[in-house]
Every structure is written in structure tokens, then in C-alpha cells.
>>> print(open('final-v3.cif').read())   # mmCIF, C-alpha atoms
data_input
#
loop_
_atom_site.label_atom_id
_atom_site.label_comp_id
_atom_site.auth_asym_id
_atom_site.auth_seq_id
_atom_site.Cartn_x
_atom_site.Cartn_y
_atom_site.Cartn_z
CA MET A 1 172.93 -16.46 123.17
CA GLU A 2 174.51 -19.84 123.76
CA ASP A 3 175.06 -22.38 121.00
CA LYS A 4 172.48 -24.70 122.55
CA GLU A 5 169.76 -22.07 122.30
CA LEU A 6 170.82 -21.20 118.75
CA LEU A 7 170.56 -24.83 117.73
CA GLU A 8 167.13 -25.16 119.36
CA LYS A 9 165.88 -22.20 117.35
CA ILE A 10 167.37 -23.63 114.16
CA ARG A 11 165.82 -27.06 114.74
CA ASN A 12 162.38 -25.51 115.23
CA LYS A 13 160.86 -25.03 111.76
CA GLU A 14 159.12 -21.83 112.75
CA THR A 15 162.28 -20.14 114.06
CA ARG A 16 164.79 -21.82 111.74
CA ASN A 17 165.60 -18.78 109.59
CA TYR A 18 165.77 -16.48 112.58
CA GLY A 19 168.01 -18.90 114.46
CA PHE A 20 170.34 -19.22 111.49
CA ASN A 21 170.51 -15.46 111.15
CA LEU A 22 171.57 -15.26 114.80
CA LEU A 23 174.18 -17.95 114.23
CA VAL A 24 175.69 -16.02 111.30
CA ARG A 25 175.75 -12.85 113.37
CA ALA A 26 177.43 -14.69 116.25
CA TYR A 27 180.19 -16.26 114.16
CA GLN A 28 180.63 -14.16 111.03
CA GLU A 29 183.47 -11.98 112.29
CA ARG A 30 185.57 -14.75 113.78
CA ILE A 31 185.14 -16.88 110.67
CA TYR A 32 185.74 -13.98 108.30
CA TRP A 33 189.04 -12.98 109.96
CA HIS A 34 190.14 -16.60 110.09
CA ILE A 35 189.62 -16.83 106.33
CA ARG A 36 190.85 -13.35 105.49
CA LYS A 37 194.24 -13.96 107.13
CA MET A 38 194.65 -16.99 104.90
CA VAL A 39 193.48 -15.59 101.54
CA ILE A 40 194.47 -11.93 102.15
CA ASP A 41 192.00 -10.47 99.63
CA HIS A 42 188.65 -9.20 100.94
CA ASP A 43 186.60 -10.33 97.92
CA ASP A 44 188.00 -13.84 98.11
CA ALA A 45 187.34 -13.95 101.86
CA ASP A 46 183.80 -12.69 101.26
CA ASP A 47 183.11 -15.48 98.73
CA ILE A 48 184.52 -18.14 101.03
CA VAL A 49 182.75 -16.95 104.17
CA GLN A 50 179.43 -17.10 102.31
CA GLU A 51 180.19 -20.62 101.10
CA VAL A 52 181.09 -21.63 104.65
CA PHE A 53 177.76 -20.49 106.06
CA ILE A 54 175.83 -22.07 103.20
CA LYS A 55 177.58 -25.35 104.04
CA VAL A 56 176.75 -24.81 107.70
CA TRP A 57 173.08 -24.32 106.76
CA LYS A 58 173.04 -27.48 104.66
CA GLY A 59 174.84 -29.52 107.30
CA LEU A 60 172.92 -28.35 110.36
CA ASP A 61 170.61 -31.37 110.31
CA LYS A 62 173.62 -33.68 110.46
CA PHE A 63 175.46 -31.68 113.09
CA ARG A 64 176.04 -33.74 116.23
CA GLN A 65 175.13 -32.10 119.51
CA ASP A 66 178.21 -33.53 121.22
CA ALA A 67 180.56 -31.52 118.99
CA GLN A 68 181.00 -27.83 119.70
CA LEU A 69 179.29 -25.61 117.19
CA TYR A 70 182.17 -23.17 116.81
CA THR A 71 184.66 -26.05 116.34
CA TRP A 72 182.48 -27.47 113.59
CA ILE A 73 182.11 -24.09 111.82
CA TYR A 74 185.85 -23.41 112.13
CA LYS A 75 186.54 -26.83 110.66
CA ILE A 76 184.37 -26.08 107.64
CA ALA A 77 186.05 -22.68 107.23
CA THR A 78 189.51 -24.21 107.51
CA ASN A 79 188.73 -26.84 104.88
CA GLU A 80 187.27 -24.21 102.56
CA CYS A 81 190.42 -22.08 102.92
CA LEU A 82 192.79 -24.93 102.25
CA THR A 83 190.70 -26.13 99.30
CA TYR A 84 190.61 -22.61 97.87
CA LEU A 85 194.39 -22.22 98.12
CA ALA A 86 195.01 -25.68 96.66
CA LYS A 87 192.66 -24.91 93.75
CA LYS A 88 194.37 -21.60 93.15
CA LYS A 89 197.70 -23.37 92.88
CA LYS A 90 196.30 -26.02 90.52
CA ARG A 91 194.20 -23.72 88.37
CA PHE A 92 197.08 -21.56 87.31
CA PHE A 93 199.71 -24.32 87.32
CA LEU A 94 201.67 -22.10 89.63
CA PRO A 95 204.54 -23.26 91.82
CA ILE A 96 204.01 -22.38 95.48
CA GLY A 97 206.35 -19.37 95.15
CA ASP A 98 204.05 -17.74 92.62
CA VAL A 99 200.98 -18.12 94.84
CA GLU A 100 203.04 -16.51 97.59
CA GLY A 101 204.04 -13.77 95.13
CA GLU A 102 200.40 -13.14 94.24
CA LEU A 103 199.36 -12.93 97.89
CA ASN A 104 202.37 -10.68 98.59
CA SER A 105 201.30 -8.25 95.92
CA LYS A 106 197.81 -8.22 97.41
CA ILE A 107 199.29 -7.14 100.74
CA ASP A 108 201.02 -4.29 98.92
CA ASN A 109 198.17 -3.24 96.65
CA SER A 110 194.80 -4.29 98.02
CA ALA A 111 192.40 -1.87 99.59
CA ASN A 112 191.44 -2.57 103.20
CA ILE A 113 195.00 -3.44 104.21
CA SER A 114 197.02 -1.04 106.31
CA GLY A 115 199.67 -1.27 109.00
CA ASP A 116 203.15 -0.21 109.86
CA GLU A 117 206.18 -1.68 108.14
CA ILE A 118 206.88 -4.39 110.68
CA GLN A 119 203.26 -5.57 110.69
CA LEU A 120 203.26 -5.89 106.93
CA LYS A 121 206.63 -7.66 107.11
CA LEU A 122 205.10 -10.17 109.49
CA GLN A 123 202.19 -10.80 107.12
CA LYS A 124 204.59 -11.34 104.22
CA ALA A 125 206.78 -13.63 106.31
CA LEU A 126 203.70 -15.71 107.13
CA LEU A 127 203.14 -16.31 103.43
CA LYS A 128 206.41 -18.23 103.32
CA LEU A 129 205.02 -20.87 105.69
CA PRO A 130 203.17 -23.93 104.37
CA ASN A 131 199.41 -23.27 104.40
CA LYS A 132 198.64 -25.65 107.26
CA GLN A 133 201.40 -24.24 109.42
CA ARG A 134 200.23 -20.70 108.67
CA LEU A 135 196.73 -21.72 109.66
CA VAL A 136 197.93 -23.12 112.99
CA PHE A 137 200.04 -20.03 113.62
CA ASN A 138 197.08 -17.70 112.95
CA MET A 139 194.80 -19.61 115.29
CA LYS A 140 197.36 -19.66 118.09
CA TYR A 141 198.97 -16.24 117.70
CA PHE A 142 196.14 -13.99 116.45
CA ASP A 143 193.00 -15.81 117.62
CA GLU A 144 194.67 -16.97 120.86
CA MET A 145 192.98 -20.32 120.73
CA LYS A 146 193.97 -23.18 123.01
CA TYR A 147 195.94 -26.04 121.50
CA GLU A 148 193.11 -28.40 122.40
CA GLU A 149 190.65 -26.34 120.36
CA ILE A 150 193.03 -26.15 117.40
CA ALA A 151 193.54 -29.91 117.72
CA ASP A 152 189.78 -30.47 117.39
CA ILE A 153 189.56 -28.25 114.32
CA THR A 154 192.62 -29.54 112.52
CA GLU A 155 192.33 -33.12 113.82
CA THR A 156 195.98 -32.99 114.79
CA SER A 157 197.56 -33.93 118.11
CA VAL A 158 198.37 -31.18 120.61
CA GLY A 159 202.05 -32.22 120.58
CA ALA A 160 202.29 -31.86 116.81
CA LEU A 161 200.59 -28.46 116.99
CA LYS A 162 203.01 -27.21 119.64
CA ALA A 163 205.95 -28.28 117.50
CA SER A 164 204.41 -26.71 114.40
CA TYR A 165 203.81 -23.40 116.17
CA HIS A 166 207.30 -23.35 117.65
CA HIS A 167 208.85 -23.91 114.21
CA ALA A 168 206.61 -21.28 112.66
CA VAL A 169 207.72 -18.64 115.18
CA LYS A 170 211.37 -19.53 114.61
CA LYS A 171 210.99 -19.33 110.83
CA ILE A 172 209.20 -15.98 110.97
CA GLU A 173 211.90 -14.47 113.16
CA GLU A 174 214.56 -15.78 110.82
CA ILE A 175 212.79 -14.33 107.80
CA ILE A 176 212.40 -10.92 109.40
CA ASN A 177 215.94 -10.96 110.90
CA PRO A 178 217.92 -12.50 108.02
CA ASN A 179 221.31 -11.88 109.67
CA MET B 1 230.91 3.23 121.45
CA LYS B 2 227.96 5.43 120.63
CA ASP B 3 228.41 4.78 116.88
CA LYS B 4 228.55 1.04 117.47
CA LYS B 5 225.18 1.14 119.29
CA GLU B 6 223.62 3.06 116.43
CA HIS B 7 224.65 0.38 113.92
CA ILE B 8 223.11 -2.53 115.84
CA LYS B 9 219.85 -3.48 114.14
CA PRO B 10 216.89 -4.09 116.46
CA THR B 11 216.22 -7.82 116.66
CA PHE B 12 212.65 -8.82 115.84
CA LYS B 13 211.00 -10.88 118.54
CA LEU B 14 207.47 -12.00 117.89
CA ASP B 15 206.55 -12.01 121.58
CA GLU B 16 207.62 -8.37 121.93
CA MET B 17 205.61 -7.15 118.99
CA PRO B 18 202.15 -5.74 119.69
CA LYS B 19 199.43 -7.69 117.90
CA LYS B 20 197.72 -5.48 115.40
CA GLN B 21 195.08 -6.17 112.78
CA VAL B 22 196.29 -4.94 109.39
CA TYR B 23 193.18 -5.99 107.48
CA SER B 24 189.91 -4.13 107.41
CA VAL B 25 186.52 -4.51 105.72
CA PRO B 26 184.32 -2.07 103.79
CA ASP B 27 181.93 -0.03 105.93
CA GLY B 28 178.82 -1.91 107.00
CA TYR B 29 180.14 -5.24 105.70
CA PHE B 30 179.21 -7.25 108.79
CA ASP B 31 175.82 -5.54 109.00
CA ASN B 32 174.91 -6.72 105.50
CA LEU B 33 176.57 -10.15 105.41
CA PRO B 34 173.85 -12.05 107.36
CA THR B 35 171.19 -10.72 104.97
CA ILE B 36 173.23 -11.78 101.92
CA ILE B 37 173.80 -15.25 103.33
CA GLN B 38 170.16 -15.59 104.37
CA ALA B 39 169.06 -14.66 100.85
CA ARG B 40 171.37 -17.30 99.39
CA VAL B 41 170.16 -20.10 101.64
CA VAL B 42 166.49 -19.20 101.20
CA LYS B 43 166.80 -19.16 97.35
CA PRO B 44 166.58 -22.95 96.85
CA GLN B 45 163.31 -22.95 98.82
CA ALA B 46 161.98 -20.26 96.52
CA SER B 47 162.74 -22.46 93.50
CA GLU B 48 160.95 -25.35 95.22
CA SER B 49 157.83 -23.20 95.60
CA LEU B 50 158.21 -22.39 91.91
CA VAL B 51 157.96 -26.11 91.19
CA VAL B 52 154.79 -26.26 93.30
CA ASN B 53 153.40 -23.35 91.30
CA TRP B 54 154.23 -25.16 88.08
CA SER B 55 152.39 -28.23 89.23
CA SER B 56 149.32 -26.18 90.14
CA ALA B 57 149.63 -24.36 86.83
CA LEU B 58 149.67 -27.74 85.09
CA ARG B 59 146.46 -28.62 86.92
CA TYR B 60 144.78 -25.68 85.20
CA ALA B 61 146.63 -26.10 81.92
CA LEU B 62 145.65 -29.74 81.38
CA PRO B 63 141.91 -29.09 80.75
CA ALA B 64 142.86 -26.30 78.35
CA LEU B 65 145.28 -28.65 76.60
CA ALA B 66 142.52 -31.26 76.33
CA LEU B 67 140.23 -28.64 74.83
CA VAL B 68 142.87 -27.67 72.25
CA LEU B 69 143.35 -31.32 71.34
CA MET B 70 139.58 -31.78 70.91
CA VAL B 71 139.31 -28.68 68.72
CA THR B 72 142.25 -29.87 66.63
CA TYR B 73 140.71 -33.34 66.30
CA PHE B 74 137.31 -32.04 65.19
CA GLY B 75 138.98 -29.48 62.92
CA VAL B 76 140.80 -32.30 61.14
CA ARG B 77 137.50 -34.24 60.98
CA LEU B 78 135.79 -31.20 59.48
CA ASN B 79 138.51 -30.88 56.83
CA ASN B 80 138.06 -34.52 55.96
CA ASN B 81 134.30 -33.90 55.71
CA SER B 82 134.84 -31.06 53.24
CA ILE B 83 136.78 -33.50 51.11
CA ASP B 84 133.80 -35.83 51.35
CA VAL B 85 131.47 -32.99 50.22
CA GLN B 86 133.77 -32.37 47.24
CA ALA B 87 133.54 -36.05 46.31
CA MET B 88 129.75 -35.96 46.61
CA LEU B 89 129.54 -32.90 44.37
CA ASP B 90 131.76 -34.64 41.81
CA ASP B 91 129.15 -37.40 41.61
CA ILE B 92 126.30 -34.97 40.71
CA PRO B 93 125.94 -34.40 36.96
CA THR B 94 126.95 -30.91 35.80
CA GLU B 95 123.50 -30.30 34.22
CA GLU B 96 121.79 -30.81 37.55
CA LEU B 97 124.21 -28.46 39.28
CA VAL B 98 123.69 -25.79 36.60
CA ALA B 99 119.92 -26.17 36.89
CA PHE B 100 120.16 -25.85 40.67
CA LEU B 101 122.30 -22.75 40.45
CA ALA B 102 119.98 -21.21 37.82
CA GLU B 103 116.97 -21.69 40.08
CA SER B 104 118.67 -20.43 43.20
CA ASP B 105 119.26 -16.77 44.02
CA ILE B 106 123.05 -17.15 44.22
CA SER B 107 124.76 -14.57 41.99
CA THR B 108 127.82 -15.30 39.85
CA GLU B 109 129.97 -13.10 42.09
CA GLU B 110 128.92 -15.10 45.14
CA ILE B 111 129.79 -18.38 43.44
CA LEU B 112 133.16 -17.04 42.29
CA SER B 113 133.94 -15.70 45.75
CA MET B 114 133.42 -19.20 47.18
CA VAL B 115 135.72 -20.83 44.64
CA ASP B 116 139.48 -20.60 45.00
CA LEU B 117 140.65 -20.64 41.42
CA GLU B 118 144.24 -20.71 40.32
CA SER B 119 145.16 -18.90 37.09
CA PHE B 120 145.84 -22.16 35.25
CA ASP B 121 142.31 -23.39 36.17
CA VAL B 122 140.80 -20.29 34.58
CA ASP B 123 142.96 -20.67 31.47
CA GLY B 124 141.86 -24.28 31.17
CA MET B 125 138.21 -23.32 31.52
CA ILE B 126 138.49 -20.62 28.85
CA ASP B 127 140.18 -23.01 26.41
CA GLU B 128 137.57 -25.67 27.13
CA ASN B 129 134.62 -23.24 26.64
CA ILE B 130 136.08 -21.79 23.48
CA GLN B 131 136.45 -25.24 22.00
CA LEU B 132 132.91 -26.22 22.98
CA LEU B 133 131.10 -23.19 21.49
CA ASP B 134 130.48 -22.88 17.77
CA ASP B 135 129.65 -19.60 16.02
CA ASN B 136 125.88 -19.94 16.50
CA GLU B 137 126.28 -20.59 20.18
CA TRP B 138 128.53 -17.50 20.46
CA ASP B 139 125.81 -15.44 18.76
CA ASP B 140 123.17 -16.79 21.14
CA LEU B 141 125.38 -16.01 24.06
CA LEU B 142 125.95 -12.44 22.85
CA ASP B 143 122.22 -12.01 22.35
CA GLU B 144 121.61 -13.21 25.88
CA TYR B 145 124.24 -10.87 27.39
CA PRO B 146 124.24 -7.79 25.15
CA ASP B 147 125.98 -5.66 27.81
CA TYR B 148 128.73 -8.16 28.62
CA GLU B 149 131.46 -5.65 27.67
CA ASN B 150 130.15 -3.20 30.28
CA GLU B 151 129.87 -5.91 32.86
CA ILE B 152 133.45 -6.94 32.31
#
>>> encode(input="final-v3.cif", output="C-alpha cells")
Amino acid sequence: MEDKELLEKIRNKETRNYGFNLLVRAYQERIYWHIRKMVIDHDDADDIVQEVFIKVWKGLDKFRQDAQLYTWIYKIATNECLTYLAKKKKRFFLPIGDVEGELNSKIDNSANISGDEIQLKLQKALLKLPNKQRLVFNMKYFDEMKYEEIADITETSVGALKASYHHAVKKIEEIINPN
Amino acid sequence: MKDKKEHIKPTFKLDEMPKKQVYSVPDGYFDNLPTIIQARVVKPQASESLVVNWSSALRYALPALALVLMVTYFGVRLNNNSIDVQAMLDDIPTEELVAFLAESDISTEEILSMVDLESFDVDGMIDENIQLLDDNEWDDLLDEYPDYENEI
């Protein structure tokens, strides 16, 4: 079902709940994986994804038709992720290295994470990037989004995104190949 | 030459690495998530309907509340009236009251059951009666109630 039809169902009082249920089903996986790659832990991702869709529900009346629905939902999810990570850093008065250490240990110890050595190395290398750069890298590399789409979500210019991605790839390769 | 090749570490190139998802979710997670989210967004509406229920409950509770207030008001009035009755009785001379009680069919037990006496009241009454009666009066009283010991 297209976004336009989904929105029509949501705007109709009689089909509002049903329409929203369809919207969640349409976007839940993409949004969940977007969040999960940032926060690593499933329970944290679960909490955030629920908050994202609750915000979507509350904001649907204000949503402008001219914006793309998935861009809008991604934007909410991205903000929630960044806010969560910033809060985590503040709450525990941790320097960035310690947040990275905590997420690293989650990669090693959490359930629902598996992969060969090089895949896990890549995930750990990603944790060394600044959060925004990691976010851009995930959207480009894993989600294979176009720069224009990422630009809409992050409200950053395409040029800046290209540079950010290029630097991220270089850093990751340097981290994994130290010599 | 062969040894040299063996010691060269493979260089990691992101483009050459197959993309693989390392994360997974518990079984059935995405089947249940829409229901969980739906329940969370519908909750506030449920609390709104609770407010509506409260307001309709108030509609029924208000007459009952008014009734309770009326009963309380008249109860207080009734208490005040009983005080008035007490004052009226105080104005009637004791002789008239005694004469009335002697003529009526009310027994002593019935009168005593209607009076809430404290122990100090009874003591006071005994002292007062003892002082009022002289020996002749005691004799008359004993003649009138020869079986008083059995009654007590």
C-alpha cells in the first residue's frame, strides 16, 4: 500500500487505527534496524522504536503531505537515536570512550548478535566514529539510501554527506588495518 | 617467496566485504510489535473515556450526595431538638414528673434503660437520697418494698 493510501486511512476517523497499524507494519523493520545499528542492544532499540511510532501517531495531524512519509519517520527515529545516545553520555557522566566501551561489550555479550570475526570487527570499528557520522555511514552503506534521501533526513547538504561517508570509510579501514 | 606470501596480512577493503546483518531479533518480534504500539497509542483514549465515565458517575452521585447532606442536616436538627426537649423537661417540677410516671404504665427498668447514667451520677443520687431520708422515711420505704433485697 502506498503512503498516500495509508495517510488517507489514518485521516479517516473510522479507519484511523487500522491505517496506523498498516503504517507500523510497513515501516517497523526499516526503522528498527536503523535504530538497532545505532544503539546495538535489542531492548534499547525496542524502547526507542515504540517511542518513535508513538511520536508518529501524535504528529500525524501535523504531518505535511508534501514531505515523504518515510523521510519524516526516519527523521523522528534519527532524532530519537541521537537524543538517546546523548542522554546516555550525560546520565552516567561518561566520556565518549566509555559509551563506546559499553556498546562494544554489548556486541560481545548481547544475545541476538552473531557474525564472523570481520563483521564484528566492522561493528566495533563503527563505534569509534562520531554518532552522526556513524548514522550517515549506516544509511549509505547498510540501507543503501541515496544521498538526497539522507540529506532530507539529516538536513545536511549532499556534498557534506559525501565527504562524511568518504572519511568514515577511510577511518574504518584504518581501524581494521592498523598497519 | 612462498613464506613471504604467507606473512602478508589480507588488507581489509570495505567494498570487497559482503554485507551481512549481525543483529537479530527474538522470534515473532515484528509480528507482535504493531499490537504493542497500537495498545500504547490507544491507552490515552481509554483514560479519556474513563473521564467521561467519571462525569456520568458524578451525574448519578450528586443526587445521592444531596440526600446525604439533607439527612445530615435534619439529623443535626433532630439532635438540637432533643436538647430542646431536655430543657423543657428541666422546666417541669419534679413532683409533676413523679406523678406522671406513677400514673403511667412505664416500669422502673424501662425508665432506667432510657437513661444513660454515668457512675458518678448514680453515686451523687445515692448520697442525695440518703441525706434526704430520715429514719421514719426509711421505715416507710421498707414497709412499702418489703422484698427489696430479693429484687436487688
>>> resolve_selection(input="final-v3.cif", expression="the PyMOL selection byres ((chain B) within 7 of (chain A))", output="VMD selection string")
chain B and resid 11 to 14 22 to 25 34 37 to 38 41
>>> residues_around(input="final-v3.cif", residues="range 79-92 of chain A", least_positions_apart="5", cutoff="8 Å", atoms="all atoms listed in the file", output="short mmCIF file (atom, residue, chain, number, x, y, z; two decimals) with C-alpha atoms, in the frame of the given file")
data_model
loop_
_atom_site.label_atom_id
_atom_site.label_comp_id
_atom_site.auth_asym_id
_atom_site.auth_seq_id
_atom_site.Cartn_x
_atom_site.Cartn_y
_atom_site.Cartn_z
CA ILE A 35 189.62 -16.83 106.33
CA MET A 38 194.65 -16.99 104.90
CA VAL A 39 193.48 -15.59 101.54
CA ILE A 48 184.52 -18.14 101.03
CA VAL A 52 181.09 -21.63 104.65
CA VAL A 99 200.98 -18.12 94.84
CA ASN A 131 199.41 -23.27 104.40
CA LYS A 132 198.64 -25.65 107.26
#
>>> atom_distance(input="final-v3.cif", atom1="CA of Tyr165 in chain A", atom2="CA of Lys140 in chain A")
7.7 Å
>>> atom_distance(input="final-v3.cif", atom1="CA of Lys128 in chain A", atom2="CA of Thr71 in chain A")
26.5 Å
>>> residues_near_point(input="final-v3.cif", point="(191.0, -28.7, 110.8)", cutoff="8 Å", atoms="all atoms listed in the file", output="list in words")
Tyr74, Lys75, Ile76, Thr78, Asn79, Ile150, Ala151, Asp152, Ile153, Thr154, Glu155 and Thr156 of chain A
>>> atom_distance(input="final-v3.cif", atom1="CA of Leu69 in chain A", atom2="CA of Tyr29 in chain B")
23.4 Å
>>> closest_residue(input="final-v3.cif", among="A:Ile31, A:Ala168, A:Leu7, A:Val136", to="Lys62 in chain A", atoms="only C-alpha atoms")
A:Leu7
>>> resolve_selection(input="final-v3.cif", expression="the PyMOL selection byres ((chain A and resi 61) around 12)", output="VMD selection string")
chain A and resid 7 to 8 10 to 13 16 55 to 60 62 to 65
>>> closest_residue(input="final-v3.cif", among="B:Val98, B:Asp31, B:Val42, B:Lys19", to="Glu144 in chain A", atoms="all atoms listed in the file")
B:Lys19
>>> decode(input="final-v3.cif", residues="range 73-109 of chain A", atoms="N, CA and C atoms", output="mmCIF file, in the first residue's frame")
data_model
loop_
_atom_site.group_PDB
_atom_site.id
_atom_site.type_symbol
_atom_site.label_atom_id
_atom_site.label_comp_id
_atom_site.auth_asym_id
_atom_site.auth_seq_id
_atom_site.Cartn_x
_atom_site.Cartn_y
_atom_site.Cartn_z
ATOM 1 N N ILE A 73 9.408 9.793 9.107
ATOM 2 C CA ILE A 73 9.551 8.774 10.165
ATOM 3 C C ILE A 73 11.034 8.513 10.466
ATOM 4 N N TYR A 74 11.841 8.450 9.423
ATOM 5 C CA TYR A 74 13.285 8.278 9.598
ATOM 6 C C TYR A 74 13.888 9.434 10.408
ATOM 7 N N LYS A 75 13.377 10.622 10.130
ATOM 8 C CA LYS A 75 13.886 11.812 10.828
ATOM 9 C C LYS A 75 13.589 11.714 12.330
ATOM 10 N N ILE A 76 12.372 11.297 12.637
ATOM 11 C CA ILE A 76 11.993 11.120 14.044
ATOM 12 C C ILE A 76 12.884 10.047 14.689
ATOM 13 N N ALA A 77 13.084 8.943 13.967
ATOM 14 C CA ALA A 77 13.894 7.852 14.508
ATOM 15 C C ALA A 77 15.344 8.297 14.722
ATOM 16 N N THR A 78 15.852 9.056 13.772
ATOM 17 C CA THR A 78 17.227 9.546 13.870
ATOM 18 C C THR A 78 17.384 10.465 15.081
ATOM 19 N N ASN A 79 16.445 11.370 15.250
ATOM 20 C CA ASN A 79 16.495 12.279 16.409
ATOM 21 C C ASN A 79 16.407 11.515 17.722
ATOM 22 N N GLU A 80 15.525 10.515 17.748
ATOM 23 C CA GLU A 80 15.375 9.717 18.971
ATOM 24 C C GLU A 80 16.676 8.990 19.313
ATOM 25 N N CYS A 81 17.327 8.448 18.279
ATOM 26 C CA CYS A 81 18.601 7.744 18.490
ATOM 27 C C CYS A 81 19.672 8.666 19.045
ATOM 28 N N LEU A 82 19.803 9.813 18.405
ATOM 29 C CA LEU A 82 20.851 10.753 18.813
ATOM 30 C C LEU A 82 20.567 11.272 20.223
ATOM 31 N N THR A 83 19.286 11.540 20.513
ATOM 32 C CA THR A 83 18.922 12.004 21.845
ATOM 33 C C THR A 83 19.229 10.928 22.884
ATOM 34 N N TYR A 84 18.896 9.692 22.546
ATOM 35 C CA TYR A 84 19.144 8.576 23.470
ATOM 36 C C TYR A 84 20.641 8.463 23.779
ATOM 37 N N LEU A 85 21.463 8.521 22.737
ATOM 38 C CA LEU A 85 22.907 8.374 22.940
ATOM 39 C C LEU A 85 23.488 9.557 23.717
ATOM 40 N N ALA A 86 22.962 10.750 23.441
ATOM 41 C CA ALA A 86 23.439 11.941 24.163
ATOM 42 C C ALA A 86 23.051 11.850 25.634
ATOM 43 N N LYS A 87 21.823 11.381 25.891
ATOM 44 C CA LYS A 87 21.360 11.222 27.280
ATOM 45 C C LYS A 87 22.195 10.196 28.018
ATOM 46 N N LYS A 88 22.505 9.129 27.336
ATOM 47 C CA LYS A 88 23.297 8.053 27.933
ATOM 48 C C LYS A 88 24.653 8.597 28.388
ATOM 49 N N LYS A 89 25.219 9.427 27.536
ATOM 50 C CA LYS A 89 26.526 10.012 27.843
ATOM 51 C C LYS A 89 26.410 10.949 29.051
ATOM 52 N N LYS A 90 25.352 11.751 29.067
ATOM 53 C CA LYS A 90 25.162 12.717 30.154
ATOM 54 C C LYS A 90 24.818 12.040 31.468
ATOM 55 N N ARG A 91 23.903 11.069 31.374
ATOM 56 C CA ARG A 91 23.362 10.437 32.581
ATOM 57 C C ARG A 91 24.458 9.817 33.435
ATOM 58 N N PHE A 92 25.398 9.180 32.773
ATOM 59 C CA PHE A 92 26.437 8.496 33.528
ATOM 60 C C PHE A 92 27.736 9.307 33.617
ATOM 61 N N PHE A 93 27.693 10.535 33.172
ATOM 62 C CA PHE A 93 28.889 11.397 33.168
ATOM 63 C C PHE A 93 30.068 10.672 32.523
ATOM 64 N N LEU A 94 29.751 9.943 31.449
ATOM 65 C CA LEU A 94 30.803 9.149 30.832
ATOM 66 C C LEU A 94 31.473 9.906 29.698
ATOM 67 N N PRO A 95 32.791 9.807 29.582
ATOM 68 C CA PRO A 95 33.424 10.326 28.370
ATOM 69 C C PRO A 95 33.010 9.432 27.207
ATOM 70 N N ILE A 96 33.148 9.926 25.989
ATOM 71 C CA ILE A 96 32.675 9.204 24.809
ATOM 72 C C ILE A 96 33.268 7.791 24.731
ATOM 73 N N GLY A 97 34.526 7.652 25.162
ATOM 74 C CA GLY A 97 35.206 6.355 25.123
ATOM 75 C C GLY A 97 34.481 5.304 25.927
ATOM 76 N N ASP A 98 33.867 5.724 27.052
ATOM 77 C CA ASP A 98 33.193 4.756 27.905
ATOM 78 C C ASP A 98 31.860 4.307 27.313
ATOM 79 N N VAL A 99 31.179 5.236 26.617
ATOM 80 C CA VAL A 99 29.949 4.836 25.922
ATOM 81 C C VAL A 99 30.327 3.818 24.850
ATOM 82 N N GLU A 100 31.406 4.108 24.154
ATOM 83 C CA GLU A 100 31.889 3.181 23.114
ATOM 84 C C GLU A 100 32.223 1.828 23.745
ATOM 85 N N GLY A 101 32.873 1.886 24.927
ATOM 86 C CA GLY A 101 33.229 0.646 25.627
ATOM 87 C C GLY A 101 31.986 -0.158 25.989
ATOM 88 N N GLU A 102 30.955 0.560 26.444
ATOM 89 C CA GLU A 102 29.712 -0.118 26.835
ATOM 90 C C GLU A 102 29.057 -0.790 25.617
ATOM 91 N N LEU A 103 29.019 -0.046 24.505
ATOM 92 C CA LEU A 103 28.409 -0.608 23.292
ATOM 93 C C LEU A 103 29.245 -1.769 22.748
ATOM 94 N N ASN A 104 30.586 -1.639 22.894
ATOM 95 C CA ASN A 104 31.492 -2.721 22.481
ATOM 96 C C ASN A 104 31.195 -4.002 23.235
ATOM 97 N N SER A 105 31.015 -3.850 24.554
ATOM 98 C CA SER A 105 30.769 -5.049 25.356
ATOM 99 C C SER A 105 29.408 -5.655 25.013
ATOM 100 N N LYS A 106 28.487 -4.808 24.576
ATOM 101 C CA LYS A 106 27.178 -5.350 24.147
ATOM 102 C C LYS A 106 27.324 -6.199 22.887
ATOM 103 N N ILE A 107 28.223 -5.737 21.999
ATOM 104 C CA ILE A 107 28.465 -6.542 20.781
ATOM 105 C C ILE A 107 29.018 -7.920 21.172
ATOM 106 N N ASP A 108 29.894 -7.922 22.190
ATOM 107 C CA ASP A 108 30.496 -9.192 22.609
ATOM 108 C C ASP A 108 29.530 -10.086 23.377
ATOM 109 N N ASN A 109 28.663 -9.446 24.187
ATOM 110 C CA ASN A 109 27.890 -10.257 25.150
ATOM 111 C C ASN A 109 26.395 -10.365 24.902
#
